[in-house]
$ cat start.cif   # mmCIF, C-alpha atoms and all ligand atoms
data_work
#
loop_
_atom_site.label_atom_id
_atom_site.label_comp_id
_atom_site.auth_asym_id
_atom_site.auth_seq_id
_atom_site.Cartn_x
_atom_site.Cartn_y
_atom_site.Cartn_z
CA ILE A 1 4.03 26.45 -34.73
CA MET A 2 3.27 23.10 -33.15
CA PHE A 3 4.50 22.05 -29.71
CA PHE A 4 2.93 18.68 -29.05
CA ASP A 5 4.18 16.85 -32.13
CA LYS A 6 7.69 16.64 -30.63
CA ILE A 7 6.51 14.92 -27.44
CA GLN A 8 7.72 11.36 -26.98
CA ALA A 9 5.29 8.70 -25.79
CA ALA A 10 5.62 7.76 -22.12
CA PRO A 11 6.31 4.11 -21.32
CA ALA A 12 3.21 2.20 -20.21
CA ASP A 13 2.92 1.83 -16.44
CA PRO A 14 4.25 -1.66 -15.63
CA ILE A 15 1.21 -2.55 -13.55
CA LEU A 16 -1.70 -0.49 -14.89
CA GLY A 17 -0.59 -1.27 -18.47
CA LEU A 18 -1.03 -4.93 -17.63
CA GLY A 19 -4.67 -4.35 -16.72
CA GLU A 20 -5.34 -2.84 -20.12
CA ALA A 21 -3.67 -5.80 -21.86
CA PHE A 22 -5.74 -8.20 -19.76
CA LYS A 23 -8.96 -6.45 -20.68
CA ALA A 24 -8.10 -6.84 -24.35
CA GLU A 25 -7.25 -10.55 -23.90
CA THR A 26 -9.84 -12.74 -25.68
CA ARG A 27 -8.85 -16.26 -24.54
CA PRO A 28 -11.61 -17.33 -22.13
CA GLU A 29 -9.25 -19.19 -19.76
CA LYS A 30 -7.44 -15.93 -18.97
CA VAL A 31 -6.23 -15.32 -15.39
CA ASN A 32 -5.24 -11.92 -13.98
CA LEU A 33 -2.59 -11.99 -11.26
CA GLY A 34 -1.43 -8.47 -12.08
CA ILE A 35 -2.91 -5.39 -10.48
CA GLY A 36 -3.29 -5.30 -6.69
CA ILE A 37 -6.99 -5.56 -6.18
CA TYR A 38 -8.68 -8.05 -3.89
CA LYS A 39 -10.93 -10.62 -5.51
CA ASN A 40 -13.30 -13.00 -3.76
CA ALA A 41 -13.83 -16.72 -4.40
CA GLN A 42 -15.95 -15.81 -7.44
CA GLY A 43 -13.19 -13.66 -8.87
CA GLU A 44 -15.12 -10.45 -8.20
CA THR A 45 -14.13 -7.28 -6.37
CA PRO A 46 -17.36 -6.54 -4.51
CA ILE A 47 -18.26 -3.51 -2.42
CA PRO A 48 -18.12 -4.59 1.25
CA ARG A 49 -21.64 -4.78 2.76
CA ALA A 50 -20.72 -2.32 5.52
CA VAL A 51 -19.56 0.16 2.89
CA LYS A 52 -22.74 -0.21 0.86
CA ALA A 53 -24.88 0.28 3.98
CA ALA A 54 -22.95 3.43 4.93
CA GLU A 55 -23.22 4.80 1.39
CA THR A 56 -26.96 4.25 1.32
CA ARG A 57 -27.38 6.10 4.59
CA LEU A 58 -25.12 8.93 3.47
CA LEU A 59 -26.95 9.48 0.22
CA ALA A 60 -30.28 9.63 2.03
CA GLU A 61 -29.02 12.11 4.61
CA GLU A 62 -26.71 14.28 2.52
CA LYS A 63 -27.95 17.90 2.35
CA THR A 64 -25.20 19.86 0.62
CA LYS A 65 -22.36 19.51 -1.85
CA ASN A 66 -20.52 22.45 -0.36
CA TYR A 67 -16.72 22.31 -0.50
CA LEU A 68 -14.79 20.42 2.13
CA THR A 69 -11.88 22.15 3.85
CA ILE A 70 -8.37 21.68 2.41
CA ASP A 71 -7.73 18.78 4.79
CA GLY A 72 -11.07 17.08 4.13
CA VAL A 73 -13.59 15.33 6.38
CA ALA A 74 -12.64 15.95 10.03
CA ALA A 75 -14.24 12.75 11.35
CA TYR A 76 -12.36 10.75 8.74
CA ASN A 77 -9.05 12.27 9.76
CA ALA A 78 -9.71 11.56 13.43
CA ALA A 79 -10.74 7.97 12.68
CA THR A 80 -7.59 7.54 10.61
CA GLN A 81 -5.38 8.54 13.51
CA ALA A 82 -7.13 6.01 15.73
CA MET A 83 -6.53 3.33 13.10
CA LEU A 84 -2.86 4.20 12.79
CA PHE A 85 -1.84 4.70 16.41
CA GLY A 86 -4.65 2.96 18.31
CA GLU A 87 -7.42 4.64 20.32
CA ASN A 88 -6.21 7.06 23.01
CA HIS A 89 -2.59 6.94 21.93
CA GLU A 90 -0.35 9.56 23.51
CA ILE A 91 0.22 11.15 20.07
CA ILE A 92 -3.53 11.68 19.69
CA ALA A 93 -4.08 12.84 23.28
CA ASN A 94 -1.30 15.42 22.92
CA GLN A 95 -2.44 16.48 19.43
CA ARG A 96 0.98 15.76 17.98
CA ALA A 97 -0.52 14.35 14.77
CA LYS A 98 -2.30 16.20 11.98
CA THR A 99 -4.04 14.39 9.15
CA ALA A 100 -5.26 15.49 5.74
CA GLN A 101 -7.61 13.34 3.71
CA SER A 102 -5.87 12.68 0.37
CA LEU A 103 -6.55 11.23 -3.06
CA GLY A 104 -5.64 7.68 -2.16
CA GLY A 105 -2.36 6.54 -0.69
CA THR A 106 -0.70 7.80 -3.86
CA GLY A 107 -1.91 11.34 -3.24
CA ALA A 108 -0.66 11.12 0.35
CA LEU A 109 2.75 10.00 -0.87
CA ARG A 110 2.94 12.94 -3.23
CA ILE A 111 2.04 15.39 -0.44
CA ALA A 112 4.65 13.73 1.79
CA ALA A 113 7.30 13.99 -0.93
CA GLU A 114 6.53 17.66 -1.60
CA PHE A 115 6.52 18.37 2.13
CA ALA A 116 9.84 16.61 2.75
CA LYS A 117 11.48 18.37 -0.15
CA ARG A 118 10.18 21.88 0.48
CA GLN A 119 9.82 22.07 4.24
CA VAL A 120 12.52 19.74 5.53
CA GLN A 121 14.90 20.31 2.61
CA ALA A 122 15.33 16.55 2.36
CA GLN A 123 17.51 15.74 -0.64
CA THR A 124 17.48 11.96 -0.55
CA VAL A 125 14.90 9.25 -0.08
CA TRP A 126 15.74 5.62 0.64
CA ILE A 127 13.46 3.08 -0.97
CA SER A 128 13.50 -0.70 -0.70
CA ASN A 129 14.70 -2.71 -3.67
CA PRO A 130 12.33 -3.96 -4.99
CA THR A 131 9.37 -1.72 -4.30
CA TRP A 132 6.11 -0.47 -5.79
CA PRO A 133 7.41 1.27 -8.95
CA ASN A 134 5.46 4.46 -8.29
CA HIS A 135 7.63 5.20 -5.24
CA ASN A 136 10.61 5.99 -7.43
CA ALA A 137 8.51 8.03 -9.82
CA ILE A 138 6.87 10.15 -7.12
CA PHE A 139 10.13 11.15 -5.47
CA GLN A 140 11.81 11.80 -8.79
CA ALA A 141 8.87 14.03 -9.69
CA VAL A 142 9.62 16.33 -6.76
CA GLY A 143 13.33 16.37 -7.57
CA MET A 144 14.67 14.18 -4.79
CA GLU A 145 17.53 11.74 -5.19
CA VAL A 146 16.33 8.16 -4.87
CA ARG A 147 18.66 5.63 -3.25
CA ASP A 148 17.69 2.04 -2.67
CA TYR A 149 18.29 -0.34 0.16
CA ARG A 150 18.50 -4.10 -0.21
CA TYR A 151 15.38 -5.89 0.89
CA TYR A 152 14.96 -9.26 -0.74
CA ASP A 153 17.26 -12.26 -0.80
CA LYS A 154 16.21 -14.23 -3.84
CA ASN A 155 18.12 -17.34 -2.80
CA THR A 156 16.33 -17.73 0.51
CA HIS A 157 13.11 -15.92 -0.53
CA SER A 158 13.33 -13.90 2.63
CA LEU A 159 14.29 -10.48 3.97
CA ASP A 160 17.90 -9.53 3.25
CA TRP A 161 18.29 -8.16 6.75
CA ASP A 162 22.07 -7.78 6.66
CA GLY A 163 21.92 -6.03 3.29
CA LEU A 164 19.13 -3.75 4.51
CA ILE A 165 21.07 -2.72 7.61
CA ALA A 166 24.29 -2.23 5.66
CA ASP A 167 22.59 0.02 3.11
CA LEU A 168 20.51 2.01 5.57
CA SER A 169 23.62 2.61 7.68
CA GLN A 170 24.57 5.01 4.93
CA ALA A 171 21.36 7.04 5.24
CA LYS A 172 22.18 10.46 6.64
CA GLN A 173 20.45 12.72 9.12
CA GLY A 174 17.46 14.33 7.38
CA ASP A 175 17.17 11.64 4.72
CA VAL A 176 13.70 10.27 4.17
CA VAL A 177 13.51 6.51 4.73
CA LEU A 178 10.42 4.97 3.18
CA LEU A 179 9.05 1.85 4.86
CA HIS A 180 6.10 -0.32 3.93
CA GLY A 181 3.90 -0.53 7.04
CA CYS A 182 2.97 -4.15 6.27
CA CYS A 183 2.42 -6.50 3.32
CA HIS A 184 5.51 -5.25 1.51
CA ASN A 185 4.76 -4.68 -2.16
CA PRO A 186 5.92 -6.65 -4.16
CA THR A 187 7.58 -9.27 -1.93
CA GLY A 188 4.96 -9.91 0.78
CA ILE A 189 7.84 -10.07 3.27
CA ASP A 190 7.74 -7.85 6.37
CA PRO A 191 10.26 -7.28 9.17
CA THR A 192 9.59 -9.20 12.40
CA PRO A 193 8.60 -7.19 15.52
CA GLU A 194 12.19 -7.48 16.77
CA GLN A 195 13.49 -6.15 13.47
CA TRP A 196 10.98 -3.28 13.54
CA ASP A 197 12.26 -2.34 17.01
CA ILE A 198 15.85 -2.28 15.74
CA LEU A 199 14.89 -0.12 12.75
CA ALA A 200 12.89 2.28 14.90
CA ASN A 201 15.86 2.69 17.18
CA MET A 202 18.21 3.19 14.26
CA ALA A 203 15.92 5.88 12.81
CA ALA A 204 15.94 7.80 16.10
CA GLU A 205 19.70 7.51 16.55
CA LYS A 206 20.54 8.52 13.01
CA GLY A 207 17.95 11.27 12.68
CA TRP A 208 16.13 9.95 9.62
CA LEU A 209 12.74 11.28 8.63
CA PRO A 210 10.73 8.03 8.49
CA LEU A 211 7.88 7.82 5.99
CA PHE A 212 5.45 4.94 6.33
CA ASP A 213 3.51 3.79 3.30
CA PHE A 214 0.60 1.97 4.91
CA ALA A 215 -1.64 0.71 2.12
CA TYR A 216 -2.64 -2.72 3.45
CA GLN A 217 -3.56 -2.38 7.12
CA GLY A 218 -5.52 -5.49 8.07
CA PHE A 219 -4.30 -7.67 5.22
CA ALA A 220 -1.37 -9.34 7.02
CA ASN A 221 -2.47 -10.39 10.51
CA GLY A 222 -5.10 -7.89 11.70
CA LEU A 223 -5.66 -4.15 12.09
CA GLU A 224 -3.75 -3.85 15.36
CA GLU A 225 -1.05 -6.41 14.59
CA ASP A 226 -0.24 -4.81 11.25
CA ALA A 227 0.43 -1.45 12.88
CA TYR A 228 3.28 -2.89 14.96
CA GLY A 229 6.06 -1.36 12.86
CA LEU A 230 4.50 2.09 12.69
CA ARG A 231 3.79 2.10 16.44
CA ALA A 232 7.32 0.93 17.22
CA PHE A 233 8.59 3.94 15.28
CA ALA A 234 6.06 6.22 16.99
CA LYS A 235 7.43 5.15 20.38
CA LEU A 236 11.02 6.16 19.61
CA ASN A 237 10.73 8.89 16.98
CA ARG A 238 9.21 12.31 17.64
CA GLU A 239 8.64 13.09 13.97
CA LEU A 240 7.04 10.86 11.33
CA LEU A 241 5.22 11.02 8.03
CA ILE A 242 2.53 8.49 7.10
CA ALA A 243 0.76 7.87 3.80
CA SER A 244 -2.15 5.53 4.43
CA SER A 245 -4.91 4.20 2.22
CA TYR A 246 -8.37 2.62 2.48
CA SER A 247 -8.39 1.54 -1.15
CA LYS A 248 -7.77 -2.10 -0.31
CA ASN A 249 -9.14 -2.69 3.18
CA PHE A 250 -12.44 -0.90 2.40
CA GLY A 251 -12.55 -1.96 -1.26
CA LEU A 252 -12.91 1.74 -2.13
CA TYR A 253 -10.36 1.78 -4.94
CA ASN A 254 -12.08 4.24 -7.23
CA GLU A 255 -13.24 6.62 -4.50
CA ARG A 256 -9.59 7.57 -3.81
CA VAL A 257 -9.50 7.51 -0.04
CA GLY A 258 -6.13 7.97 1.59
CA ALA A 259 -4.56 10.15 4.23
CA PHE A 260 -1.42 12.16 4.82
CA THR A 261 -0.46 12.28 8.49
CA LEU A 262 2.41 14.10 10.12
CA VAL A 263 3.57 13.60 13.68
CA ALA A 264 5.52 16.39 15.37
CA ASP A 265 7.11 16.95 18.76
CA ASN A 266 4.14 18.92 20.10
CA ALA A 267 0.79 20.37 19.04
CA GLU A 268 2.09 23.82 18.21
CA ILE A 269 4.79 22.54 15.84
CA ALA A 270 2.34 20.06 14.33
CA ASN A 271 -0.08 22.89 13.49
CA ARG A 272 2.65 25.03 11.98
CA ALA A 273 4.07 22.21 9.87
CA PHE A 274 0.60 21.13 8.82
CA SER A 275 -0.23 24.63 7.60
CA GLN A 276 2.52 24.11 5.01
CA ALA A 277 1.14 20.72 4.02
CA LYS A 278 -2.21 22.44 3.44
CA SER A 279 -0.52 25.04 1.21
CA ILE A 280 0.87 22.19 -0.87
CA ILE A 281 -2.58 20.62 -1.20
CA ARG A 282 -4.15 23.95 -2.11
CA THR A 283 -1.90 24.24 -5.17
CA ILE A 284 -2.46 20.67 -6.35
CA TYR A 285 -6.19 20.00 -5.98
CA SER A 286 -7.45 22.59 -3.49
CA ASN A 287 -9.55 20.17 -1.46
CA PRO A 288 -10.62 16.53 -1.70
CA ALA A 289 -13.86 14.77 -2.64
CA SER A 290 -16.37 13.90 0.03
CA HIS A 291 -18.08 10.62 -0.74
CA GLY A 292 -15.41 7.99 -0.04
CA ALA A 293 -14.07 9.65 3.08
CA SER A 294 -17.55 10.26 4.53
CA THR A 295 -18.29 6.59 3.92
CA VAL A 296 -15.18 5.43 5.75
CA ALA A 297 -15.85 7.85 8.61
CA LEU A 298 -19.39 6.57 9.02
CA VAL A 299 -18.29 2.93 9.07
CA LEU A 300 -15.54 3.60 11.61
CA GLN A 301 -17.82 5.68 13.87
CA ASP A 302 -20.79 3.30 13.90
CA PRO A 303 -20.09 0.26 16.11
CA ASP A 304 -22.36 -2.07 14.10
CA LEU A 305 -20.97 -1.05 10.74
CA LYS A 306 -17.44 -1.21 12.09
CA ALA A 307 -17.98 -4.74 13.41
CA GLN A 308 -19.43 -5.79 10.06
CA TRP A 309 -16.51 -4.25 8.20
CA THR A 310 -13.87 -5.92 10.39
CA ASP A 311 -15.62 -9.26 9.80
CA GLU A 312 -15.46 -8.67 6.07
CA LEU A 313 -11.81 -7.65 6.31
CA ASP A 314 -11.04 -10.83 8.29
CA GLU A 315 -12.75 -12.80 5.55
CA MET A 316 -10.58 -11.20 2.87
CA ARG A 317 -7.42 -11.89 4.82
CA GLU A 318 -8.38 -15.49 5.53
CA ARG A 319 -9.24 -16.15 1.92
CA ILE A 320 -5.83 -14.93 0.79
CA LYS A 321 -4.10 -17.12 3.37
CA THR A 322 -6.14 -20.13 2.27
CA MET A 323 -5.29 -19.53 -1.38
CA ARG A 324 -1.59 -19.23 -0.57
CA GLN A 325 -1.65 -22.71 0.95
CA LYS A 326 -3.76 -24.10 -1.90
CA PHE A 327 -1.38 -22.61 -4.44
CA VAL A 328 1.64 -24.28 -2.83
CA ASP A 329 -0.21 -27.61 -2.47
CA THR A 330 -1.53 -27.56 -6.02
CA LEU A 331 1.89 -26.71 -7.47
CA LYS A 332 3.21 -29.82 -5.71
CA GLU A 333 0.33 -31.93 -7.02
CA CYS A 334 1.04 -30.68 -10.52
CA GLY A 335 4.60 -31.91 -10.27
CA ALA A 336 6.60 -28.85 -9.25
CA THR A 337 9.85 -30.06 -7.71
CA GLN A 338 10.95 -26.64 -6.44
CA ASP A 339 10.16 -25.67 -2.88
CA PHE A 340 7.41 -23.04 -2.84
CA ASP A 341 6.69 -23.19 0.90
CA PHE A 342 8.01 -19.64 1.32
CA ILE A 343 4.82 -18.38 -0.35
CA VAL A 344 2.74 -19.43 2.67
CA LYS A 345 4.75 -17.19 4.98
CA GLN A 346 4.32 -14.02 2.94
CA ASN A 347 1.84 -11.30 3.95
CA GLY A 348 -0.93 -9.62 1.99
CA MET A 349 -2.06 -10.09 -1.57
CA PHE A 350 1.33 -10.25 -3.20
CA SER A 351 3.84 -12.95 -3.58
CA PHE A 352 7.22 -12.81 -5.13
CA SER A 353 6.90 -16.15 -6.86
CA GLY A 354 10.47 -16.48 -8.06
CA LEU A 355 9.19 -16.62 -11.67
CA THR A 356 11.57 -14.92 -14.11
CA ALA A 357 10.51 -12.25 -16.61
CA GLU A 358 10.82 -14.84 -19.40
CA GLN A 359 8.59 -17.27 -17.54
CA VAL A 360 6.04 -14.52 -16.92
CA ASP A 361 6.08 -13.70 -20.65
CA ARG A 362 5.52 -17.36 -21.53
CA LEU A 363 2.60 -17.59 -19.10
CA ARG A 364 0.98 -14.65 -20.87
CA ASP A 365 1.77 -15.71 -24.44
CA GLU A 366 1.01 -19.42 -24.12
CA PHE A 367 -1.57 -19.56 -21.32
CA ALA A 368 -3.23 -16.10 -21.07
CA ILE A 369 -2.00 -15.78 -17.49
CA TYR A 370 -1.01 -12.21 -16.60
CA ALA A 371 1.50 -11.31 -13.89
CA VAL A 372 4.03 -8.53 -13.33
CA ARG A 373 7.36 -9.22 -15.04
CA SER A 374 9.18 -8.97 -11.71
CA GLY A 375 7.49 -12.26 -10.82
CA ARG A 376 5.00 -10.57 -8.51
CA ILE A 377 1.69 -12.39 -8.46
CA ASN A 378 -1.55 -11.35 -6.80
CA VAL A 379 -2.68 -14.36 -4.79
CA ALA A 380 -6.17 -12.83 -4.50
CA GLY A 381 -6.57 -13.43 -8.23
CA MET A 382 -6.64 -17.19 -7.59
CA THR A 383 -9.93 -19.06 -7.27
CA ASP A 384 -10.95 -22.70 -6.94
CA ASP A 385 -11.88 -22.52 -10.62
CA ASN A 386 -8.55 -21.28 -11.97
CA ILE A 387 -5.96 -22.60 -9.55
CA ARG A 388 -5.50 -25.99 -11.22
CA TYR A 389 -5.05 -24.43 -14.67
CA LEU A 390 -2.72 -21.84 -13.20
CA CYS A 391 -0.48 -24.36 -11.46
CA GLU A 392 -0.36 -26.73 -14.44
CA SER A 393 0.68 -23.81 -16.62
CA ILE A 394 3.32 -22.59 -14.19
CA VAL A 395 4.84 -26.06 -13.95
CA LYS A 396 5.09 -26.09 -17.77
CA VAL A 397 7.16 -22.90 -17.84
CA LEU A 398 9.40 -23.67 -14.85
N1 LIG B 401 1.49 2.10 -1.78
C1 LIG B 401 1.57 0.83 -2.14
C2 LIG B 401 2.71 0.01 -1.67
C3 LIG B 401 0.59 0.28 -2.96
O1 LIG B 401 0.68 -0.99 -3.33
C4 LIG B 401 -0.49 1.09 -3.39
C5 LIG B 401 -1.52 0.57 -4.29
O2 LIG B 401 -1.35 -0.30 -5.08
C6 LIG B 401 -0.51 2.40 -2.97
C7 LIG B 401 0.49 2.88 -2.17
C8 LIG B 401 -1.56 3.41 -3.41
O3 LIG B 401 -2.81 3.10 -3.16
P1 LIG B 401 -4.00 4.07 -3.61
O4 LIG B 401 -4.75 3.30 -4.62
O5 LIG B 401 -4.76 4.31 -2.37
O6 LIG B 401 -3.42 5.32 -4.17
#
$ encode --input "start.cif" --output "structure tokens" --more "lines below"
Ligand code: PLP
Amino acid sequence: IMFFDKIQAAPADPILGLGEAFKAETRPEKVNLGIGIYKNAQGETPIPRAVKAAETRLLAEEKTKNYLTIDGVAAYNAATQAMLFGENHEIIANQRAKTAQSLGGTGALRIAAEFAKRQVQAQTVWISNPTWPNHNAIFQAVGMEVRDYRYYDKNTHSLDWDGLIADLSQAKQGDVVLLHGCCHNPTGIDPTPEQWDILANMAAEKGWLPLFDFAYQGFANGLEEDAYGLRAFAKLNRELLIASSYSKNFGLYNERVGAFTLVADNAEIANRAFSQAKSIIRTIYSNPASHGASTVALVLQDPDLKAQWTDELDEMRERIKTMRQKFVDTLKECGATQDFDFIVKQNGMFSFSGLTAEQVDRLRDEFAIYAVRSGRINVAGMTDDNIRYLCESIVKVL
């Protein structure tokens, strides 16, 4: 008897599948605006100097490969809480937060989903439309119902605030509401501070369980500024879940460094709830890998390395902002008559360009330019060398 021959092939991941197609592309002029990785002016994704320095030191000093605990590197978890809430935040002082190092932000989301389903008996999760496609998949995998809330107004290229409020008004007590901490993927559009305050208040009044996906801290306006939404929620809500990631801001994509954090009403409840999160981890991967998290912890604990890293992060953010402006200017120079100024206002690496799926297909087929079919483009994939070709090509398919 054979079992596997009846298995149907899974559809290719819409984003990772694109990377494979790009690799196989042979036209030398090819441009990759697909997967969300940062690239510098040379089109490379280098290891930040602060990270390299920390790794070198770690390797020299490392004495054992003994297992970590289920929740990972303690110094990393503490540093993560300081990043999320700010040093000396009341939540930290009162030990209301517990953090487990996770396998990237994705791993943290999966822990959060399992935790919400099993320990809070949450049935429904609310996800923005559009969102990072893996959000739907992760919550479906744990058996939760996925509902979406309006987010993007394609006519004005801005937040559909009225639609968002109307849809989230239907979220019930105990529902999980997933929010992108900053640099919304794929639109690049974030709520304003005033809007964050309104949402935080709504969450508290309605009794939602808010879940922050915080994968791009430092990519919008700065490490502190980008935490505004999360901290607004932390002020008004006694319970929160957070899935954060250092993949992007530390350039540690393949080391899988993320964190699952829960905030509870007090230390005793936090410990009890966290013991269940640890049980979940134990049955998935037992305990995490050391290298990436130890590297992050060392950078965040060492004032010199931390200063170097924040400089490098500022550089990344500034480059993206510069390329956004160049993109809009060059499109104009190439004869685009549409208004693309909205692209300058978006946050992070991604831009919802307004390109249709057909236009994206033509860019790939005729010009070897790869983007996500939703029209999401990674601005960090643009360089001084490819931007002219890119804009000329886009104008041809508009
Ligand atoms: N959440 C969002 C919105 C993302 O865009 C990403 C990465 O692309 C992640 C989570 C997961 O990041 P990680 O690579 O750390 O798992």
$ residues_near_ligand --input "start.cif" --ligand "ligand LIG 401 (chain B)" --cutoff "9 Å" --atoms "all atoms listed in the file" --output "VMD selection string"
chain A and resid 35 to 37 102 to 109 131 to 135 180 to 186 213 to 216 243 to 248 252 to 254 256 to 259
$ closest_residue --input "start.cif" --among "A:Lys306, A:Arg319, A:Arg96, A:Gly292" --to "Ala264 (chain A)" --atoms "all atoms listed in the file"
A:Arg96
$ residues_around --input "start.cif" --residues "region 77-93 of chain A" --least-positions-apart "4" --cutoff "8 Å" --atoms "only C-alpha atoms" --output "JSON, numbers by chain"
{"A": [72, 73, 97, 99, 100, 101, 223, 224, 227, 230, 231, 259, 261, 263, 297, 300, 301]}
$ closest_residue --input "start.cif" --among "A:Asp384, A:Arg118, A:Ala21, A:Val395" --to "Arg362 (chain A)" --atoms "all atoms listed in the file"
A:Val395
$ residues_around --input "start.cif" --residues "Thr283 (chain A)" --least-positions-apart "4" --cutoff "12 Å" --atoms "only C-alpha atoms" --output "PyMOL selection string"
chain A and resi 70+111+114+276-279+287
$ residues_near_point --input "start.cif" --point "(-19.4, -2.5, 0.5)" --cutoff "12 Å" --atoms "all atoms listed in the file" --output "VMD selection string"
chain A and resid 45 to 56 247 to 253 292 295 to 296 299 305 to 306 308 to 310 312 to 313
$ residues_around --input "start.cif" --residues "Pro193 (chain A)" --least-positions-apart "6" --cutoff "9 Å" --atoms "all atoms listed in the file" --output "PDB file with C-alpha atoms, keeping the file's coordinate frame"
ATOM      1  CA  TYR A 228       3.280  -2.890  14.960  1.00  0.00           C
ATOM      2  CA  GLY A 229       6.060  -1.360  12.860  1.00  0.00           C
ATOM      3  CA  ALA A 232       7.320   0.930  17.220  1.00  0.00           C
TER       4      ALA A 232
END
$ closest_residue --input "start.cif" --among "A:Ile320, A:Ala113, A:Ile387, A:Ile165" --to "Ala141 (chain A)" --atoms "only C-alpha atoms"
A:Ala113
